[in-house]
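Below: run-v3.txt (compact mmCIF, C-alpha atoms)
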```txt
# COMPACT_ATOMS: atom_id res chain seq x y z
CA MET R 296 34.39 16.86 -10.14
CA ASN R 297 36.30 14.68 -7.64
CA ARG R 298 38.95 12.78 -9.67
CA GLN R 299 39.33 10.00 -7.13
CA LEU R 300 35.56 9.46 -7.18
CA ILE R 301 35.55 9.26 -10.99
CA ARG R 302 38.45 6.77 -10.89
CA TYR R 303 36.37 4.44 -8.73
CA ILE R 304 33.01 5.04 -10.38
CA VAL R 305 34.02 4.42 -14.01
CA PRO R 306 35.22 0.78 -13.57
CA ASN R 307 32.10 -0.05 -11.55
CA ILE R 308 29.81 1.51 -14.17
CA LEU R 309 31.59 -0.44 -16.92
CA ALA R 310 31.31 -3.73 -15.02
CA MET R 311 27.63 -3.19 -14.18
CA ALA R 312 26.88 -2.06 -17.74
CA GLY R 313 28.52 -5.20 -19.09
CA THR R 314 26.35 -7.38 -16.88
CA SER R 315 23.14 -5.59 -17.87
CA CYS R 316 24.04 -5.72 -21.57
CA TYR R 317 24.25 -9.51 -21.62
CA VAL R 318 20.81 -9.67 -19.98
CA LEU R 319 19.53 -7.38 -22.73
CA ALA R 320 21.20 -9.59 -25.33
CA ASP R 321 19.46 -12.65 -23.83
CA THR R 322 16.13 -10.87 -24.08
CA PHE R 323 16.76 -9.69 -27.63
CA PHE R 324 17.88 -13.07 -29.01
CA ILE R 325 15.10 -14.93 -27.19
CA SER R 326 12.52 -12.49 -28.57
CA ILE R 327 13.73 -13.30 -32.10
CA ALA R 328 13.88 -17.06 -31.56
CA GLU R 329 10.74 -17.60 -29.48
CA GLY R 330 8.73 -14.36 -29.60
CA ALA R 331 6.55 -13.14 -26.72
CA ASN R 332 6.27 -16.63 -25.19
CA GLY R 333 10.05 -16.82 -24.93
CA ILE R 334 10.23 -13.47 -23.14
CA THR R 335 7.45 -14.61 -20.80
CA ALA R 336 9.35 -17.80 -19.99
CA LEU R 337 12.54 -15.81 -19.38
CA ASN R 338 10.74 -13.39 -17.07
CA LEU R 339 9.24 -16.25 -15.05
CA VAL R 340 12.74 -17.66 -14.52
CA LEU R 341 14.31 -14.33 -13.49
CA PRO R 342 13.28 -14.70 -9.80
CA VAL R 343 15.24 -17.98 -9.75
CA TYR R 344 18.31 -16.09 -10.96
CA GLY R 345 17.63 -13.56 -8.19
CA LEU R 346 17.62 -16.24 -5.48
CA ILE R 347 20.76 -17.93 -6.84
CA TYR R 348 22.61 -14.62 -7.12
CA ALA R 349 21.43 -13.47 -3.68
CA LEU R 350 22.76 -16.56 -1.91
CA GLY R 351 25.99 -16.48 -3.90
CA SER R 352 26.61 -12.81 -3.17
CA MET R 353 25.79 -13.12 0.54
CA ILE R 354 28.31 -15.93 1.02
CA GLY R 355 30.95 -14.71 -1.45
CA VAL R 356 30.93 -10.96 -0.76
CA GLY R 357 30.45 -11.49 2.98
CA SER R 358 33.31 -14.00 3.17
CA ALA R 359 35.63 -11.73 1.18
CA THR R 360 34.82 -8.82 3.50
CA ARG R 361 35.39 -10.97 6.58
CA TYR R 362 38.71 -12.15 5.07
CA THR R 363 39.87 -8.56 4.60
CA LEU R 364 38.91 -7.54 8.14
CA SER R 365 40.55 -10.64 9.67
CA LYS R 366 43.71 -10.11 7.65
CA ALA R 367 43.88 -6.46 8.71
CA THR R 368 43.74 -7.45 12.39
CA GLY R 369 46.38 -10.15 11.94
CA GLN R 370 44.17 -13.19 12.60
CA ASP R 371 45.72 -16.51 11.57
CA SER R 372 42.34 -17.84 10.42
CA ALA R 373 41.90 -15.16 7.74
CA GLY R 374 42.98 -17.54 4.99
CA ASP R 375 40.23 -20.03 5.86
CA PHE R 376 37.40 -17.80 4.66
CA PHE R 377 38.00 -18.48 0.96
CA SER R 378 37.81 -22.26 1.23
CA ASN R 379 34.91 -22.00 3.69
CA SER R 380 33.02 -19.88 1.16
CA VAL R 381 33.70 -22.41 -1.61
CA TRP R 382 32.56 -25.39 0.48
CA TRP R 383 29.32 -23.78 1.69
CA THR R 384 28.51 -22.43 -1.78
CA LEU R 385 28.83 -25.94 -3.23
CA LEU R 386 26.69 -27.40 -0.45
CA LEU R 387 23.88 -24.83 -0.74
CA SER R 388 23.89 -24.82 -4.55
CA SER R 389 23.26 -28.56 -4.56
CA MET R 390 19.58 -27.93 -3.75
CA PHE R 391 19.23 -26.08 -7.07
CA VAL R 392 20.98 -28.92 -8.91
CA VAL R 393 18.60 -31.50 -7.38
CA THR R 394 15.61 -29.37 -8.35
CA GLY R 395 16.89 -29.06 -11.92
CA LEU R 396 17.40 -32.81 -12.20
CA CYS R 397 14.18 -33.98 -10.55
CA PHE R 398 11.33 -31.47 -10.95
CA PRO R 399 12.03 -28.34 -13.02
CA GLY R 400 8.52 -28.54 -14.54
CA GLU R 401 6.80 -28.43 -11.16
CA PHE R 402 9.04 -25.56 -10.11
CA LEU R 403 8.22 -23.52 -13.22
CA ALA R 404 4.50 -24.19 -12.70
CA LEU R 405 4.81 -22.68 -9.21
CA LEU R 406 6.24 -19.57 -10.84
CA GLY R 407 3.09 -19.22 -12.96
CA ALA R 408 3.85 -21.03 -16.23
CA ASP R 409 1.01 -22.64 -18.21
CA GLU R 410 1.56 -25.58 -20.58
CA GLN R 411 2.44 -23.35 -23.53
CA ILE R 412 5.14 -21.46 -21.61
CA ALA R 413 6.39 -24.62 -19.87
CA ALA R 414 7.10 -26.27 -23.23
CA ILE R 415 9.91 -23.80 -23.93
CA GLY R 416 10.68 -22.73 -20.35
CA VAL R 417 11.38 -26.06 -18.64
CA PRO R 418 14.56 -26.91 -20.64
CA TYR R 419 15.84 -23.37 -20.03
CA LEU R 420 15.14 -23.55 -16.27
CA ARG R 421 16.71 -27.01 -15.97
CA ILE R 422 20.03 -25.77 -17.37
CA VAL R 423 19.97 -22.64 -15.20
CA LEU R 424 19.49 -24.76 -12.07
CA LEU R 425 22.21 -27.23 -13.06
CA PHE R 426 24.70 -24.38 -13.51
CA ALA R 427 23.76 -22.76 -10.19
CA PRO R 428 27.05 -23.81 -8.48
CA PHE R 429 29.01 -21.79 -11.05
CA PHE R 430 26.74 -18.74 -10.77
CA MET R 431 27.19 -18.78 -6.99
CA LEU R 432 30.91 -19.59 -6.95
CA ASN R 433 31.60 -16.70 -9.31
CA TYR R 434 30.72 -14.26 -6.53
CA THR R 435 33.34 -15.84 -4.27
CA PHE R 436 36.03 -15.83 -6.97
CA THR R 437 35.51 -12.21 -8.08
CA ALA R 438 34.97 -10.80 -4.57
CA PHE R 439 38.19 -12.31 -3.20
CA VAL R 440 40.17 -11.15 -6.24
CA ARG R 441 38.77 -7.64 -5.79
CA ASN R 442 39.58 -7.61 -2.07
CA ASP R 443 43.06 -9.03 -2.70
CA TYR R 444 44.07 -5.81 -4.48
CA ALA R 445 43.21 -6.85 -8.04
CA PRO R 446 39.96 -4.91 -8.77
CA LYS R 447 40.80 -4.36 -12.44
CA LEU R 448 41.12 -8.10 -13.03
CA ALA R 449 37.74 -8.66 -11.34
CA MET R 450 36.22 -6.02 -13.62
CA LEU R 451 37.87 -7.62 -16.67
CA ALA R 452 36.50 -11.03 -15.66
CA THR R 453 32.99 -9.59 -15.42
CA LEU R 454 33.21 -7.79 -18.77
CA LEU R 455 34.72 -10.68 -20.72
CA SER R 456 32.27 -13.21 -19.30
CA GLY R 457 29.44 -10.89 -20.35
CA LEU R 458 30.93 -10.57 -23.85
CA PHE R 459 31.20 -14.37 -24.04
CA ASN R 460 27.54 -14.64 -23.10
CA ILE R 461 26.45 -12.25 -25.83
CA VAL R 462 28.54 -13.88 -28.57
CA PHE R 463 27.62 -17.44 -27.68
CA ASP R 464 23.97 -16.54 -27.19
CA TYR R 465 23.95 -15.87 -30.90
CA ILE R 466 26.13 -18.85 -31.88
CA PHE R 467 24.20 -21.40 -29.84
CA MET R 468 20.73 -20.06 -30.64
CA PHE R 469 20.99 -19.41 -34.38
CA PRO R 470 23.88 -21.04 -36.31
CA MET R 471 23.60 -24.11 -34.05
CA GLY R 472 19.78 -23.87 -33.85
CA MET R 473 19.54 -24.60 -30.11
CA GLY R 474 16.94 -21.92 -29.28
CA MET R 475 16.29 -21.25 -25.57
CA ILE R 476 18.54 -24.14 -24.59
CA GLY R 477 21.42 -22.35 -26.31
CA ALA R 478 20.65 -19.14 -24.41
CA ALA R 479 20.72 -21.04 -21.12
CA LEU R 480 24.01 -22.74 -22.00
CA ALA R 481 25.70 -19.45 -22.92
CA THR R 482 24.55 -17.89 -19.67
CA GLY R 483 25.57 -20.96 -17.66
CA ILE R 484 29.09 -21.12 -19.12
CA SER R 485 29.80 -17.39 -18.69
CA PRO R 486 30.61 -17.59 -14.94
CA ILE R 487 33.09 -20.38 -15.73
CA VAL R 488 34.83 -17.92 -18.07
CA SER R 489 34.88 -15.34 -15.30
CA MET R 490 36.32 -17.76 -12.74
CA SER R 491 38.97 -18.92 -15.22
CA ILE R 492 40.14 -15.33 -15.64
CA CYS R 493 40.20 -14.88 -11.86
CA MET R 494 42.48 -17.92 -11.62
CA VAL R 495 45.20 -15.79 -13.23
CA HIS R 496 45.39 -13.94 -9.93
CA TYR R 497 45.00 -16.98 -7.68
CA LEU R 498 47.91 -18.72 -9.43
CA SER R 499 50.15 -15.64 -9.42
CA LYS R 500 52.77 -14.60 -6.90
CA ASN R 501 50.63 -11.58 -5.96
CA SER R 502 47.86 -13.71 -4.49
CA SER R 503 47.65 -14.05 -0.72
CA ILE R 504 44.66 -16.42 -0.94
CA VAL R 505 45.05 -20.18 -0.69
CA PHE R 506 42.53 -23.00 -0.62
CA THR R 507 42.72 -25.03 2.60
CA LYS R 508 41.32 -28.51 3.21
CA LYS R 509 39.69 -27.67 6.53
CA ARG R 510 36.13 -28.80 7.17
CA PRO R 511 33.38 -26.22 6.52
CA SER R 512 32.77 -24.00 9.54
CA LEU R 513 29.19 -22.98 10.33
CA HIS R 514 30.49 -20.27 12.64
CA LYS R 515 32.55 -18.71 9.83
CA LEU R 516 29.58 -18.98 7.48
CA PHE R 517 27.30 -17.02 9.85
CA ALA R 518 30.05 -14.48 10.53
CA SER R 519 30.49 -13.95 6.78
CA CYS R 520 26.79 -13.83 5.93
CA SER R 521 26.22 -11.11 8.54
CA LEU R 522 28.41 -8.86 6.38
CA GLY R 523 26.77 -9.99 3.13
CA VAL R 524 23.18 -9.12 4.04
CA VAL R 525 23.17 -5.87 2.04
CA ALA R 526 24.43 -7.72 -1.05
CA PHE R 527 21.80 -10.43 -0.43
CA VAL R 528 18.97 -7.88 -0.22
CA GLY R 529 20.22 -6.09 -3.34
CA GLU R 530 20.18 -9.25 -5.46
CA LEU R 531 17.01 -10.77 -3.99
CA SER R 532 14.87 -7.64 -4.19
CA SER R 533 14.76 -7.62 -8.00
CA GLY R 534 13.74 -11.29 -8.00
CA ILE R 535 10.94 -10.71 -5.49
CA THR R 536 9.68 -7.67 -7.41
CA THR R 537 9.67 -9.64 -10.67
CA LEU R 538 7.81 -12.51 -9.00
CA VAL R 539 5.15 -10.18 -7.58
CA PHE R 540 4.71 -8.30 -10.85
CA ASN R 541 4.50 -11.57 -12.80
CA PHE R 542 1.70 -12.98 -10.66
CA ILE R 543 -0.25 -9.71 -10.75
CA LEU R 544 0.06 -9.36 -14.52
CA LEU R 545 -0.84 -13.02 -15.11
CA SER R 546 -4.02 -12.54 -13.07
CA ILE R 547 -4.93 -9.32 -14.89
CA SER R 548 -4.00 -9.87 -18.52
CA GLY R 549 -2.05 -13.11 -19.04
CA ASN R 550 1.22 -14.02 -20.73
CA THR R 551 1.51 -11.04 -23.09
CA ALA R 552 1.43 -8.55 -20.21
CA VAL R 553 4.23 -10.53 -18.51
CA ALA R 554 6.21 -10.38 -21.75
CA ALA R 555 5.67 -6.61 -21.87
CA TYR R 556 6.96 -6.31 -18.32
CA GLY R 557 9.94 -8.50 -19.23
CA VAL R 558 10.87 -6.08 -22.01
CA ILE R 559 10.47 -2.98 -19.79
CA ALA R 560 12.29 -4.51 -16.82
CA ASN R 561 15.26 -5.70 -18.87
CA ILE R 562 15.67 -2.32 -20.57
CA ALA R 563 15.35 -0.65 -17.16
CA LEU R 564 18.04 -2.98 -15.85
CA VAL R 565 20.62 -0.97 -17.81
CA GLY R 566 19.64 2.26 -16.03
CA THR R 567 19.60 0.54 -12.64
CA ALA R 568 23.01 -1.02 -13.30
CA LEU R 569 24.54 2.36 -14.17
CA LEU R 570 23.13 3.92 -10.99
CA ASN R 571 24.38 0.99 -8.92
CA GLY R 572 27.80 1.48 -10.51
CA VAL R 573 27.85 5.07 -9.24
CA SER R 574 26.74 3.90 -5.78
CA LEU R 575 29.43 1.21 -5.62
CA GLY R 576 32.07 3.67 -6.83
CA LEU R 577 31.33 6.30 -4.19
CA GLN R 578 31.52 3.86 -1.29
CA PRO R 579 35.30 3.33 -0.89
CA VAL R 580 35.98 7.06 -1.35
CA ALA R 581 33.23 8.12 1.08
CA SER R 582 34.39 5.51 3.61
CA ALA R 583 37.94 6.86 3.47
CA MET R 584 36.78 10.43 4.03
CA HIS R 585 34.49 9.32 6.84
CA GLY R 586 37.39 7.51 8.50
CA ARG R 587 39.43 10.74 8.35
CA ALA R 588 36.47 12.73 9.76
CA ASP R 589 36.67 15.02 6.71
CA ALA R 590 33.03 16.18 6.64
CA LYS R 591 33.59 18.78 3.92
CA GLU R 592 35.05 16.27 1.46
CA GLU R 593 32.43 13.74 2.45
CA ARG R 594 29.76 16.29 1.48
CA ARG R 595 31.45 16.91 -1.88
CA ILE R 596 31.64 13.19 -2.69
CA TYR R 597 27.95 12.70 -1.94
CA ALA R 598 26.98 15.78 -3.99
CA HIS R 599 29.13 14.81 -6.99
CA ALA R 600 27.87 11.22 -6.99
CA LEU R 601 24.30 12.51 -6.86
CA ILE R 602 24.91 14.82 -9.84
CA ILE R 603 26.33 11.94 -11.90
CA ALA R 604 23.41 9.68 -10.93
CA GLU R 605 20.81 12.33 -11.81
CA MET R 606 22.44 12.90 -15.20
CA ILE R 607 22.06 9.18 -15.87
CA ALA R 608 18.45 9.21 -14.60
CA VAL R 609 17.43 12.20 -16.72
CA THR R 610 19.01 10.62 -19.80
CA ALA R 611 17.17 7.32 -19.17
CA ALA R 612 13.80 9.03 -18.60
CA ALA R 613 14.24 11.22 -21.69
CA ALA R 614 15.17 8.19 -23.82
CA ALA R 615 12.00 6.41 -22.68
CA VAL R 616 9.82 9.41 -23.56
CA LEU R 617 11.44 10.11 -26.93
CA PHE R 618 12.31 6.59 -28.11
CA GLY R 619 10.03 4.31 -26.05
CA ASP R 620 8.19 2.93 -29.08
CA GLN R 621 11.43 2.13 -30.90
CA LEU R 622 12.96 0.45 -27.84
CA ILE R 623 9.90 -1.76 -27.43
CA ALA R 624 9.89 -2.62 -31.13
CA VAL R 625 13.45 -3.98 -30.90
CA PHE R 626 12.23 -6.74 -28.55
CA ASN R 627 8.83 -7.20 -30.19
CA SER R 628 9.95 -9.43 -33.07
CA GLU R 629 6.40 -10.72 -33.70
CA ARG R 630 5.13 -7.12 -33.98
CA SER R 631 2.46 -7.94 -31.42
CA ALA R 632 0.03 -5.02 -31.16
CA GLU R 633 -1.11 -6.27 -27.74
CA LEU R 634 2.44 -6.33 -26.33
CA ALA R 635 3.11 -2.85 -27.73
CA SER R 636 -0.14 -1.51 -26.23
CA TYR R 637 1.01 -2.60 -22.77
CA ALA R 638 4.71 -1.75 -23.04
CA ALA R 639 4.74 1.58 -24.92
CA PRO R 640 2.89 3.64 -22.27
CA GLY R 641 4.36 1.44 -19.53
CA ILE R 642 8.00 2.22 -20.29
CA ARG R 643 7.35 5.97 -20.07
CA VAL R 644 5.61 5.72 -16.70
CA TYR R 645 8.11 3.21 -15.33
CA PHE R 646 11.21 5.17 -16.35
CA ALA R 647 9.95 8.34 -14.66
CA GLY R 648 10.81 6.54 -11.43
CA PHE R 649 14.53 6.79 -12.20
CA LEU R 650 14.49 10.52 -11.38
CA ILE R 651 13.84 9.67 -7.72
CA ALA R 652 15.49 6.24 -7.74
CA ALA R 653 18.83 7.95 -8.43
CA VAL R 654 18.58 9.80 -5.10
CA ASN R 655 17.53 6.67 -3.18
CA ILE R 656 20.27 4.46 -4.65
CA ILE R 657 23.03 7.01 -3.97
CA LYS R 658 21.73 7.73 -0.48
CA SER R 659 21.57 4.00 0.35
CA GLY R 660 25.12 3.51 -0.90
CA PHE R 661 26.33 6.55 1.03
CA TYR R 662 24.70 5.39 4.27
CA SER R 663 26.40 2.02 3.84
CA ALA R 664 29.77 3.69 3.21
CA ILE R 665 29.65 5.72 6.41
CA GLY R 666 28.64 2.75 8.57
CA LYS R 667 24.88 3.33 8.82
CA ALA R 668 23.83 -0.16 7.74
CA ALA R 669 20.34 0.06 9.29
CA GLN R 670 19.39 3.16 7.28
CA SER R 671 20.95 1.75 4.11
CA SER R 672 19.08 -1.55 4.49
CA ALA R 673 15.79 0.25 5.23
CA ILE R 674 16.02 2.16 1.95
CA ALA R 675 17.02 -0.96 0.01
CA LEU R 676 14.22 -3.06 1.52
CA SER R 677 11.61 -0.35 1.01
CA ARG R 678 12.33 0.38 -2.65
CA GLY R 679 13.27 -3.19 -3.55
CA VAL R 680 10.75 -5.34 -1.70
CA ILE R 681 8.21 -3.91 0.77
CA THR R 682 6.89 -0.66 -0.68
CA ILE R 683 7.04 -1.65 -4.33
CA SER R 684 5.24 -4.95 -3.68
CA ALA R 685 2.50 -3.32 -1.59
CA LEU R 686 1.96 -0.54 -4.12
CA ALA R 687 1.91 -3.02 -7.01
CA PHE R 688 -1.06 -4.82 -5.43
CA LEU R 689 -2.81 -1.57 -4.45
CA LEU R 690 -2.34 0.36 -7.69
CA SER R 691 -3.08 -2.63 -9.95
CA ALA R 692 -6.41 -3.10 -8.14
CA MET R 693 -7.20 0.56 -8.87
CA PHE R 694 -5.74 1.06 -12.37
CA GLY R 695 -5.11 -2.42 -13.80
CA VAL R 696 -1.91 -2.93 -15.81
CA MET R 697 -1.12 0.79 -15.68
CA GLY R 698 -1.10 0.52 -11.90
CA VAL R 699 1.68 -2.05 -12.11
CA TRP R 700 3.84 0.37 -14.12
CA MET R 701 3.04 3.14 -11.63
CA ALA R 702 4.27 1.04 -8.69
CA PHE R 703 7.97 1.69 -9.41
CA PRO R 704 7.91 5.54 -9.44
CA ALA R 705 5.39 5.54 -6.56
CA SER R 706 7.57 3.29 -4.40
CA GLU R 707 10.64 5.42 -5.11
CA LEU R 708 8.70 8.51 -3.99
CA VAL R 709 7.54 6.81 -0.78
CA THR R 710 11.08 5.57 -0.10
CA TRP R 711 12.49 9.05 -0.62
CA ILE R 712 10.00 10.44 1.92
CA LEU R 713 10.98 7.63 4.30
CA SER R 714 14.65 8.60 3.95
CA LEU R 715 13.79 12.22 4.80
CA VAL R 716 11.91 11.06 7.89
CA MET R 717 14.84 8.88 8.99
CA ASN R 718 17.22 11.78 8.48
CA ALA R 719 15.00 14.12 10.51
CA VAL R 720 14.73 11.57 13.34
CA ARG R 721 18.50 11.08 13.32
CA LYS R 722 19.12 14.82 13.56
CA THR R 723 16.64 15.09 16.44
CA ASN R 724 18.31 12.24 18.32
CA ASP R 725 21.76 13.70 17.70
CA THR R 726 20.58 17.07 19.03
CA HIS R 727 19.36 15.45 22.26
CA ILE R 728 22.48 13.31 22.67
CA LYS R 729 25.06 15.93 21.63
CA PRO R 730 23.59 19.41 22.17
CA HIS R 731 27.02 21.02 21.82
CA ALA R 732 28.26 19.12 18.75
CA SER R 733 31.15 20.63 16.88
CA GLY R 734 30.67 22.41 13.57
CA GLU R 735 32.25 19.45 11.74
CA ASP R 736 29.78 17.04 13.33
CA ALA R 737 26.93 19.36 12.42
CA ASP R 738 28.12 19.41 8.81
CA ARG R 739 28.21 15.60 8.79
CA ARG R 740 24.62 15.38 10.08
CA ASP R 741 23.26 17.95 7.66
CA MET R 742 24.84 16.73 4.45
CA ILE R 743 21.99 14.35 3.64
```
As structure tokens, how would this structure be written, given the file I've shared?
Amino acid sequence: MNRQLIRYIVPNILAMAGTSCYVLADTFFISIAEGANGITALNLVLPVYGLIYALGSMIGVGSATRYTLSKATGQDSAGDFFSNSVWWTLLLSSMFVVTGLCFPGEFLALLGADEQIAAIGVPYLRIVLLFAPFFMLNYTFTAFVRNDYAPKLAMLATLLSGLFNIVFDYIFMFPMGMGMIGAALATGISPIVSMSICMVHYLSKNSSIVFTKKRPSLHKLFASCSLGVVAFVGELSSGITTLVFNFILLSISGNTAVAAYGVIANIALVGTALLNGVSLGLQPVASAMHGRADAKEERRIYAHALIIAEMIAVTAAAAAVLFGDQLIAVFNSERSAELASYAAPGIRVYFAGFLIAAVNIIKSGFYSAIGKAAQSSAIALSRGVITISALAFLLSAMFGVMGVWMAFPASELVTWILSLVMNAVRKTNDTHIKPHASGEDADRRDMI
């Protein structure tokens, strides 16, 4: 196994696992404190998280990438991208703050909450919206630290903020008796912890990033966001999928079915996070090999990453088959027979999708690493938004709640077929354009 690949993959897996674990902790503690209604309220708010994270990642990750490129080409304006990212993040996050102050109840109603769910969900949503500036700024702080040659500190910030969230979820919700409000506060404070850790780098002699007092530049914002589109799609897709699934399940079976989906989706988030960690880890290594035109090593990196991802996928699917009932029971504190009847078969069907999702996630990351943004985005949009949403409506009309669970593996299968078609078209076009391509070029085309 490629040692350099492992060295990049492991920190990314740890960071992504830490993030997913605090989401699981939220779900677990809320299930104990508020039962199925609490999980339903949490799941209705998740698309809001998705939108906040998507905007924050597009500006923060895109600005950090633009900073690195500008610095590499010796542009004097490279240092302006950090402050520009901070200013625009604060400006755009203000719309969430206003919503949280003025009409969180109306917003939650738009997401599908009835009066029973709104009673516990509105205070939670209000706090989430008020802390939106910190959620969004955290992407800027960690991305710039990572791109300024301190990736381990960025990983440490992510892990420790996640640990803080888990510990203070418990402290706020139970010893202090704050319930869902406590969960929201713990989650809202965690990015502040992360940014505080990142400040260790910004205040050190090793930092090349400074905050400037220049006015926000719209031109720099657009230039940055153009490089943050993939990050935006990645964060937003889960929110859109959750929103679509919520509305379908509410129309079919009501709040308990949404709670069942909340349990399945949050457990599945761990598997998705691990696969994304592999994808993120392969990218810098694959990019370096692509830049050197080393097609043989490029092939090895892709193959090794795919093996690791499939090992994770098989383990996740097997765990769902063997221990699905026990996993559901952990989050079913009220021992609701109705919730178990939806979730127990659902988790087994849903997790089967990981066997194909592993291929799609690695292929999307690999395409991105070798500069094929269009193909990478097509896979991400198909599996994350377009295909899964369309199949959720179609299959739920045919099979009810079971059809909703089937949408994930079905969309991954369709996306995989789409990737094969794109690859075949690319090979055909390359054959017409370069009929006498070298053996190395042929290897590069055939590897995926």
- Item | Residue among R:Leu403, R:Asp321, R:Leu686, R:Ser663 lying closest to Gly457 of chain R, counting all atoms listed in the file |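 The answer is R:Asp321, which sits nearest to Gly457 of chain R.
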- Note on the structure: A straight line from atom CA of Ala331 of chain R to atom CA of Glu410 of chain R spans 14.7 Å
- Find, counting all atoms listed in the file, the residue in R:Gln299, R:Ser326, R:Thr394, R:Ser502 that gets nearest to Gly374 of chain R.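 Checking each candidate against Gly374 of chain R, we get R:Ser502 as the closest.
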- Message: Applying 8 Å and all atoms listed in the file, which residues near segment 510-525 of chain R remain after dropping the ones on its own chain fewer than 2 positions away? List them as a ChimeraX atom specification.
- Response: /R:352-361,376,378-380,382-383,508,527-529,672
- Query: atom CA of Ala479 of chain R to atom CA of Glu530 of chain R: how many Å, to one decimal?
  - Reply: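 Distance between the two atoms: 19.6 Å.
Picture a line from atom CA of Tyr362 of chain R to atom CA of Asp375 of chain R; it runs 8.1 Å.
Among the candidate residues R:Gly619, R:Gly534, R:Pro704, R:Gly549, the one lying nearest to Glu633 of chain R is R:Gly549, with distances computed using only C-alpha atoms.
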- Task: Take the point (45.7, -14.9, -13.2) in the file's coordinates, draw a sphere of radius 12 Å around it, and report as a PyMOL selection string every protein, DNA or RNA residue with an atom inside or on it, counting only C-alpha atoms.
- Result: chain R and resi 436-437+440+445+447-449+451-452+489-502
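Near (11.8, 9.9, -19.4), the residues that fall inside 6 Å on the basis of all atoms listed in the file are Ala611, Ala612, Ala613, Ala614, Ala615, Val616, Arg643, Phe646 and Ala647 of chain R.
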- Message: When you count all atoms listed in the file, which of these residues is closest to Ser671 of chain R: R:Leu713, R:Met473, R:Leu432, R:Cys316?
- Response: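 Looking at the shortest contact to Ser671 of chain R, the residue is R:Leu713.
Distances to Ala349 of chain R were evaluated for R:Asn724, R:Gln621, R:Ser714, R:Thr384 using only C-alpha atoms, and the minimum falls at R:Thr384.
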- Restricting the calculation to only C-alpha atoms, which member of R:Tyr465, R:Phe398, R:Tyr662, R:Phe649 is positioned closest to Ala705 of chain R?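 Among the listed residues, the smallest separation from Ala705 of chain R belongs to R:Phe649.
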With N, CA and C atoms as the target, complete segment 434-447 of chain R and hand it back as a PDB file, keeping the file's coordinate frame.
```pdb
ATOM      1  N   TYR R 434      30.686 -15.357  -7.496  1.00  0.00           N
ATOM      2  CA  TYR R 434      30.720 -14.260  -6.530  1.00  0.00           C
ATOM      3  C   TYR R 434      31.915 -14.397  -5.596  1.00  0.00           C
ATOM      4  N   THR R 435      32.199 -15.615  -5.144  1.00  0.00           N
ATOM      5  CA  THR R 435      33.340 -15.840  -4.270  1.00  0.00           C
ATOM      6  C   THR R 435      34.643 -15.519  -4.995  1.00  0.00           C
ATOM      7  N   PHE R 436      34.787 -16.025  -6.218  1.00  0.00           N
ATOM      8  CA  PHE R 436      36.030 -15.830  -6.970  1.00  0.00           C
ATOM      9  C   PHE R 436      36.301 -14.354  -7.249  1.00  0.00           C
ATOM     10  N   THR R 437      35.291 -13.622  -7.732  1.00  0.00           N
ATOM     11  CA  THR R 437      35.510 -12.210  -8.080  1.00  0.00           C
ATOM     12  C   THR R 437      35.654 -11.337  -6.839  1.00  0.00           C
ATOM     13  N   ALA R 438      34.891 -11.620  -5.788  1.00  0.00           N
ATOM     14  CA  ALA R 438      34.970 -10.800  -4.570  1.00  0.00           C
ATOM     15  C   ALA R 438      36.333 -10.912  -3.901  1.00  0.00           C
ATOM     16  N   PHE R 439      36.883 -12.135  -3.831  1.00  0.00           N
ATOM     17  CA  PHE R 439      38.190 -12.310  -3.200  1.00  0.00           C
ATOM     18  C   PHE R 439      39.303 -11.704  -4.048  1.00  0.00           C
ATOM     19  N   VAL R 440      39.185 -11.797  -5.366  1.00  0.00           N
ATOM     20  CA  VAL R 440      40.170 -11.150  -6.240  1.00  0.00           C
ATOM     21  C   VAL R 440      40.132  -9.641  -6.030  1.00  0.00           C
ATOM     22  N   ARG R 441      38.928  -9.083  -5.987  1.00  0.00           N
ATOM     23  CA  ARG R 441      38.770  -7.640  -5.790  1.00  0.00           C
ATOM     24  C   ARG R 441      39.357  -7.205  -4.451  1.00  0.00           C
ATOM     25  N   ASN R 442      39.089  -7.970  -3.400  1.00  0.00           N
ATOM     26  CA  ASN R 442      39.580  -7.610  -2.070  1.00  0.00           C
ATOM     27  C   ASN R 442      41.051  -7.939  -1.861  1.00  0.00           C
ATOM     28  N   ASP R 443      41.645  -8.702  -2.790  1.00  0.00           N
ATOM     29  CA  ASP R 443      43.060  -9.030  -2.700  1.00  0.00           C
ATOM     30  C   ASP R 443      43.864  -8.112  -3.632  1.00  0.00           C
ATOM     31  N   TYR R 444      43.362  -6.871  -3.771  1.00  0.00           N
ATOM     32  CA  TYR R 444      44.070  -5.810  -4.480  1.00  0.00           C
ATOM     33  C   TYR R 444      44.210  -6.047  -5.987  1.00  0.00           C
ATOM     34  N   ALA R 445      43.209  -6.693  -6.584  1.00  0.00           N
ATOM     35  CA  ALA R 445      43.210  -6.850  -8.040  1.00  0.00           C
ATOM     36  C   ALA R 445      41.828  -6.503  -8.609  1.00  0.00           C
ATOM     37  N   PRO R 446      41.315  -5.269  -8.322  1.00  0.00           N
ATOM     38  CA  PRO R 446      39.960  -4.910  -8.770  1.00  0.00           C
ATOM     39  C   PRO R 446      39.816  -4.842 -10.285  1.00  0.00           C
ATOM     40  N   LYS R 447      40.892  -4.463 -10.983  1.00  0.00           N
ATOM     41  CA  LYS R 447      40.800  -4.360 -12.440  1.00  0.00           C
ATOM     42  C   LYS R 447      40.633  -5.737 -13.084  1.00  0.00           C
TER      43      LYS R 447
END
```
